[in-house]
Structure formats: structure tokens, C-alpha cells
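Engineer: Data: final_32.pdb, PDB, N, CA and C atoms.
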ATOM      1  N   MET A   1       9.524  36.449  -6.394
ATOM      2  CA  MET A   1       8.324  36.612  -7.196
ATOM      3  C   MET A   1       7.500  37.755  -6.605
ATOM      4  N   ASP A   2       6.921  38.566  -7.476
ATOM      5  CA  ASP A   2       6.119  39.698  -7.045
ATOM      6  C   ASP A   2       4.792  39.225  -6.457
ATOM      7  N   VAL A   3       4.314  39.939  -5.443
ATOM      8  CA  VAL A   3       3.062  39.574  -4.779
ATOM      9  C   VAL A   3       1.908  39.513  -5.780
ATOM     10  N   LYS A   4       1.830  40.502  -6.662
ATOM     11  CA  LYS A   4       0.741  40.510  -7.643
ATOM     12  C   LYS A   4       0.843  39.309  -8.577
ATOM     13  N   ASP A   5       2.062  38.913  -8.922
ATOM     14  CA  ASP A   5       2.243  37.725  -9.773
ATOM     15  C   ASP A   5       1.703  36.476  -9.085
ATOM     16  N   ILE A   6       2.016  36.349  -7.811
ATOM     17  CA  ILE A   6       1.569  35.185  -7.047
ATOM     18  C   ILE A   6       0.047  35.163  -6.973
ATOM     19  N   ILE A   7      -0.541  36.294  -6.624
ATOM     20  CA  ILE A   7      -1.995  36.351  -6.485
ATOM     21  C   ILE A   7      -2.674  36.125  -7.827
ATOM     22  N   THR A   8      -2.091  36.668  -8.884
ATOM     23  CA  THR A   8      -2.666  36.482 -10.210
ATOM     24  C   THR A   8      -2.695  35.014 -10.604
ATOM     25  N   LYS A   9      -1.672  34.268 -10.217
ATOM     26  CA  LYS A   9      -1.605  32.847 -10.567
ATOM     27  C   LYS A   9      -2.724  32.044  -9.920
ATOM     28  N   VAL A  10      -3.206  32.493  -8.766
ATOM     29  CA  VAL A  10      -4.281  31.755  -8.091
ATOM     30  C   VAL A  10      -5.609  32.513  -8.120
ATOM     31  N   ALA A  11      -5.671  33.614  -8.846
ATOM     32  CA  ALA A  11      -6.865  34.462  -8.861
ATOM     33  C   ALA A  11      -8.109  33.739  -9.347
ATOM     34  N   GLY A  12      -7.931  32.769 -10.208
ATOM     35  CA  GLY A  12      -9.079  32.036 -10.721
ATOM     36  C   GLY A  12      -9.720  31.125  -9.699
ATOM     37  N   ASN A  13      -9.006  30.869  -8.616
ATOM     38  CA  ASN A  13      -9.524  29.970  -7.592
ATOM     39  C   ASN A  13      -9.860  30.775  -6.334
ATOM     40  N   LYS A  14     -11.098  31.232  -6.243
ATOM     41  CA  LYS A  14     -11.516  32.069  -5.116
ATOM     42  C   LYS A  14     -11.407  31.335  -3.798
ATOM     43  N   GLU A  15     -11.575  30.016  -3.836
ATOM     44  CA  GLU A  15     -11.473  29.221  -2.604
ATOM     45  C   GLU A  15     -10.060  29.328  -2.023
ATOM     46  N   ILE A  16      -9.060  29.220  -2.880
ATOM     47  CA  ILE A  16      -7.674  29.339  -2.413
ATOM     48  C   ILE A  16      -7.422  30.740  -1.874
ATOM     49  N   LEU A  17      -7.909  31.765  -2.582
ATOM     50  CA  LEU A  17      -7.712  33.136  -2.118
ATOM     51  C   LEU A  17      -8.298  33.341  -0.728
ATOM     52  N   GLU A  18      -9.500  32.824  -0.505
ATOM     53  CA  GLU A  18     -10.146  32.954   0.806
ATOM     54  C   GLU A  18      -9.367  32.204   1.877
ATOM     55  N   LYS A  19      -8.910  30.999   1.546
ATOM     56  CA  LYS A  19      -8.146  30.207   2.512
ATOM     57  C   LYS A  19      -6.820  30.884   2.845
ATOM     58  N   LEU A  20      -6.194  31.535   1.854
ATOM     59  CA  LEU A  20      -4.914  32.205   2.092
ATOM     60  C   LEU A  20      -5.054  33.310   3.130
ATOM     61  N   LYS A  21      -6.189  33.978   3.139
ATOM     62  CA  LYS A  21      -6.394  35.089   4.084
ATOM     63  C   LYS A  21      -6.279  34.632   5.533
ATOM     64  N   SER A  22      -6.802  33.444   5.824
ATOM     65  CA  SER A  22      -6.831  32.990   7.213
ATOM     66  C   SER A  22      -5.785  31.920   7.541
ATOM     67  N   ALA A  23      -5.069  31.460   6.535
ATOM     68  CA  ALA A  23      -4.089  30.385   6.751
ATOM     69  C   ALA A  23      -2.835  30.917   7.433
ATOM     70  N   ASP A  24      -2.182  30.037   8.203
ATOM     71  CA  ASP A  24      -0.869  30.416   8.716
ATOM     72  C   ASP A  24       0.143  30.215   7.591
ATOM     73  N   ILE A  25       1.396  30.545   7.853
ATOM     74  CA  ILE A  25       2.417  30.510   6.801
ATOM     75  C   ILE A  25       2.553  29.117   6.185
ATOM     76  N   ASN A  26       2.600  28.089   7.013
ATOM     77  CA  ASN A  26       2.751  26.722   6.489
ATOM     78  C   ASN A  26       1.545  26.292   5.666
ATOM     79  N   GLN A  27       0.340  26.623   6.146
ATOM     80  CA  GLN A  27      -0.868  26.274   5.402
ATOM     81  C   GLN A  27      -0.894  27.016   4.062
ATOM     82  N   ALA A  28      -0.518  28.280   4.100
ATOM     83  CA  ALA A  28      -0.507  29.081   2.872
ATOM     84  C   ALA A  28       0.505  28.527   1.871
ATOM     85  N   LYS A  29       1.649  28.111   2.385
ATOM     86  CA  LYS A  29       2.666  27.532   1.503
ATOM     87  C   LYS A  29       2.140  26.250   0.858
ATOM     88  N   ASP A  30       1.461  25.413   1.644
ATOM     89  CA  ASP A  30       0.868  24.184   1.113
ATOM     90  C   ASP A  30      -0.178  24.498   0.044
ATOM     91  N   LEU A  31      -1.033  25.497   0.318
ATOM     92  CA  LEU A  31      -2.065  25.881  -0.648
ATOM     93  C   LEU A  31      -1.444  26.340  -1.963
ATOM     94  N   LEU A  32      -0.409  27.173  -1.856
ATOM     95  CA  LEU A  32       0.240  27.681  -3.063
ATOM     96  C   LEU A  32       0.985  26.572  -3.798
ATOM     97  N   ASN A  33       1.606  25.664  -3.048
ATOM     98  CA  ASN A  33       2.283  24.529  -3.692
ATOM     99  C   ASN A  33       1.287  23.669  -4.458
ATOM    100  N   LYS A  34       0.113  23.427  -3.855
ATOM    101  CA  LYS A  34      -0.922  22.640  -4.532
ATOM    102  C   LYS A  34      -1.419  23.338  -5.787
ATOM    103  N   ALA A  35      -1.370  24.675  -5.759
ATOM    104  CA  ALA A  35      -1.801  25.458  -6.927
ATOM    105  C   ALA A  35      -0.681  25.571  -7.958
ATOM    106  N   GLY A  36       0.477  24.986  -7.639
ATOM    107  CA  GLY A  36       1.593  25.009  -8.581
ATOM    108  C   GLY A  36       2.437  26.263  -8.521
ATOM    109  N   VAL A  37       2.333  27.003  -7.416
ATOM    110  CA  VAL A  37       3.104  28.242  -7.255
ATOM    111  C   VAL A  37       4.118  28.022  -6.144
ATOM    112  N   LYS A  38       5.382  27.995  -6.520
ATOM    113  CA  LYS A  38       6.448  27.796  -5.532
ATOM    114  C   LYS A  38       6.949  29.157  -5.054
ATOM    115  N   VAL A  39       6.786  29.408  -3.756
ATOM    116  CA  VAL A  39       7.214  30.687  -3.183
ATOM    117  C   VAL A  39       7.897  30.457  -1.846
ATOM    118  N   ASP A  40       8.671  31.449  -1.428
ATOM    119  CA  ASP A  40       9.319  31.325  -0.121
ATOM    120  C   ASP A  40       8.445  31.973   0.952
ATOM    121  N   ASP A  41       8.830  31.782   2.204
ATOM    122  CA  ASP A  41       8.021  32.258   3.329
ATOM    123  C   ASP A  41       7.835  33.775   3.308
ATOM    124  N   ALA A  42       8.858  34.520   2.912
ATOM    125  CA  ALA A  42       8.760  35.980   2.887
ATOM    126  C   ALA A  42       7.688  36.433   1.901
ATOM    127  N   ASP A  43       7.639  35.786   0.745
ATOM    128  CA  ASP A  43       6.622  36.136  -0.247
ATOM    129  C   ASP A  43       5.227  35.750   0.233
ATOM    130  N   ILE A  44       5.129  34.635   0.932
ATOM    131  CA  ILE A  44       3.830  34.211   1.467
ATOM    132  C   ILE A  44       3.316  35.248   2.462
ATOM    133  N   LYS A  45       4.195  35.750   3.305
ATOM    134  CA  LYS A  45       3.791  36.786   4.272
ATOM    135  C   LYS A  45       3.270  38.017   3.538
ATOM    136  N   LYS A  46       3.945  38.421   2.467
ATOM    137  CA  LYS A  46       3.515  39.591   1.702
ATOM    138  C   LYS A  46       2.153  39.359   1.054
ATOM    139  N   VAL A  47       1.945  38.162   0.515
ATOM    140  CA  VAL A  47       0.663  37.824  -0.110
ATOM    141  C   VAL A  47      -0.451  37.882   0.930
ATOM    142  N   LYS A  48      -0.222  37.262   2.086
ATOM    143  CA  LYS A  48      -1.227  37.256   3.139
ATOM    144  C   LYS A  48      -1.548  38.672   3.598
ATOM    145  N   GLU A  49      -0.529  39.508   3.750
ATOM    146  CA  GLU A  49      -0.749  40.885   4.175
ATOM    147  C   GLU A  49      -1.560  41.649   3.137
ATOM    148  N   ALA A  50      -1.223  41.477   1.869
ATOM    149  CA  ALA A  50      -1.935  42.185   0.797
ATOM    150  C   ALA A  50      -3.403  41.763   0.745
ATOM    151  N   LEU A  51      -3.667  40.481   0.912
ATOM    152  CA  LEU A  51      -5.049  40.002   0.890
ATOM    153  C   LEU A  51      -5.804  40.422   2.149
ATOM    154  N   ALA A  52      -5.133  40.380   3.285
ATOM    155  CA  ALA A  52      -5.787  40.651   4.558
ATOM    156  C   ALA A  52      -6.193  42.113   4.710
ATOM    157  N   ASP A  53      -5.344  43.023   4.265
ATOM    158  CA  ASP A  53      -5.670  44.432   4.483
ATOM    159  C   ASP A  53      -6.342  45.085   3.284
ATOM    160  N   GLY A  54      -6.643  44.276   2.273
ATOM    161  CA  GLY A  54      -7.373  44.798   1.129
ATOM    162  C   GLY A  54      -6.546  45.602   0.150
ATOM    163  N   LYS A  55      -5.232  45.532   0.230
ATOM    164  CA  LYS A  55      -4.386  46.255  -0.717
ATOM    165  C   LYS A  55      -4.676  45.792  -2.142
ATOM    166  N   ILE A  56      -4.972  44.522  -2.278
ATOM    167  CA  ILE A  56      -5.272  43.966  -3.590
ATOM    168  C   ILE A  56      -6.668  43.358  -3.516
ATOM    169  N   ASP A  57      -7.600  43.938  -4.262
ATOM    170  CA  ASP A  57      -8.959  43.391  -4.249
ATOM    171  C   ASP A  57      -9.218  42.596  -5.525
ATOM    172  N   MET A  58     -10.388  41.969  -5.596
ATOM    173  CA  MET A  58     -10.685  41.106  -6.735
ATOM    174  C   MET A  58     -10.721  41.876  -8.048
ATOM    175  N   LYS A  59     -11.191  43.133  -8.039
ATOM    176  CA  LYS A  59     -11.214  43.912  -9.271
ATOM    177  C   LYS A  59      -9.796  44.118  -9.775
ATOM    178  N   GLU A  60      -8.892  44.454  -8.877
ATOM    179  CA  GLU A  60      -7.498  44.665  -9.272
ATOM    180  C   GLU A  60      -6.873  43.374  -9.792
ATOM    181  N   ILE A  61      -7.190  42.253  -9.162
ATOM    182  CA  ILE A  61      -6.671  40.962  -9.628
ATOM    183  C   ILE A  61      -7.166  40.686 -11.040
ATOM    184  N   LYS A  62      -8.454  40.943 -11.279
ATOM    185  CA  LYS A  62      -9.014  40.727 -12.619
ATOM    186  C   LYS A  62      -8.345  41.641 -13.633
ATOM    187  N   ASP A  63      -8.080  42.903 -13.243
ATOM    188  CA  ASP A  63      -7.401  43.843 -14.142
ATOM    189  C   ASP A  63      -6.002  43.354 -14.488
ATOM    190  N   ILE A  64      -5.286  42.855 -13.486
ATOM    191  CA  ILE A  64      -3.934  42.331 -13.699
ATOM    192  C   ILE A  64      -3.996  41.120 -14.621
ATOM    193  N   ALA A  65      -4.886  40.190 -14.296
ATOM    194  CA  ALA A  65      -5.005  38.978 -15.093
ATOM    195  C   ALA A  65      -5.440  39.305 -16.515
ATOM    196  N   GLY A  66      -6.357  40.255 -16.671
ATOM    197  CA  GLY A  66      -6.794  40.663 -17.998
ATOM    198  C   GLY A  66      -5.661  41.241 -18.807
ATOM    199  N   GLY A  67      -4.780  41.979 -18.135
ATOM    200  CA  GLY A  67      -3.632  42.575 -18.809
ATOM    201  C   GLY A  67      -2.659  41.536 -19.351
ATOM    202  N   LEU A  68      -2.638  40.375 -18.727
ATOM    203  CA  LEU A  68      -1.742  39.332 -19.174
ATOM    204  C   LEU A  68      -2.161  38.750 -20.511
ATOM    205  N   PHE A  69      -3.456  38.872 -20.810
ATOM    206  CA  PHE A  69      -3.976  38.260 -22.041
ATOM    207  C   PHE A  69      -4.148  39.256 -23.168
ATOM    208  N   ASN A  70      -3.839  40.532 -22.932
ATOM    209  CA  ASN A  70      -3.955  41.552 -23.990
ATOM    210  C   ASN A  70      -2.719  41.596 -24.842
TER     211      ASN A  70
END
For the file at hand, write its structure as C-alpha cells.

Structural biologist:
Amino acid sequence: MDVKDIITKVAGNKEILEKLKSADINQAKDLLNKAGVKVDDADIKKVKEALADGKIDMKEIKDIAGGLFN
């Protein structure tokens, strides 16, 4: 699954996004599972890296999510 796809699926829940930034791999996997997103450890690492270094910001997430509904 693409990193942007994963982040887009949880973009509506800012609490989860914030927790993902500081969570370890197991915690992040639990958070994503609770959000209904099944991902492997490699994808979780990519998501955490993208959120941590600002590669994907909230404006970009909103743009991606908005594109899904057009």
C-alpha cells in the first residue's frame, strides 16, 4: 500500500496522525489496525518517516483526500 494511501485513510483523525509520529512500530501498527488499515512493518516505517520529517503535511493530505471525492 502506498504511504499516501495509508495516511489518507487516517487523515480525518488528527489524534491518530499525531500518535503515529511518536509511536514505535508496534504501537503504530496497533493504531492503524484500530483505524481499519492493515499494513506491514515496512509500510509503517515509511508512514512514520513521512510524517516525522514533514514530507507529507496536512495541506497535502487534504488535497489528496479531496481528490478522492472529485

Engineer: Apply the PyMOL selection byres ((chain A and resi 15-21) around 6) to the structure shown and report the selected residues as an MDAnalysis selection string.

Structural biologist: chainID A and resid 13:14 22:23 28 48 51:52

Engineer: Might I get the box with edges along x, y and z of the file that holds all atoms of range 15-20 of chain A listed there, padded by 5 Å on every side, given as centre and edge lengths in Å to one decimal, as lines of an AutoDock Vina configuration file?

Structural biologist:
center_x = -8.2
center_y = 31.3
center_z = -0.4
size_x = 16.7
size_y = 14.1
size_z = 17.0

Engineer: Choose the residue, out of A:Asp24, A:Lys45, A:Val37, A:Ala50, that has the smallest atom-to-atom separation from Ile6 in chain A; count only N, CA and C atoms.

Structural biologist: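 Checking each of A:Asp24, A:Lys45, A:Val37, A:Ala50 against Ile6 in chain A, counting only N, CA and C atoms, the winner is A:Val37.
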
Engineer: I would like the residues chosen by the PyMOL selection byres ((chain A and resi 1) around 8) on the shown file; could you give them as a list in words?

Structural biologist: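 For this structure, the PyMOL selection byres ((chain A and resi 1) around 8) resolves to Asp2, Val3, Lys4, Asp5, Ile6, Lys38, Val39, Asp40 and Asp43 of chain A.
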
Engineer: In Å, how far is it from CA of Asp41 in chain A to CA of Asn26 in chain A?

Structural biologist: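 Between these atoms lies a distance of 8.3 Å.
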
Engineer: Measure the distance from atom C of Val10 in chain A to atom N of Gly36 in chain A in Å and round it to one decimal.

Structural biologist: 9.7 Å

Engineer: If I take CA of Leu31 in chain A and atom C of Thr8 in chain A, how far is one from the other in Å, to one decimal?

Structural biologist: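 So the answer is 13.5 Å.
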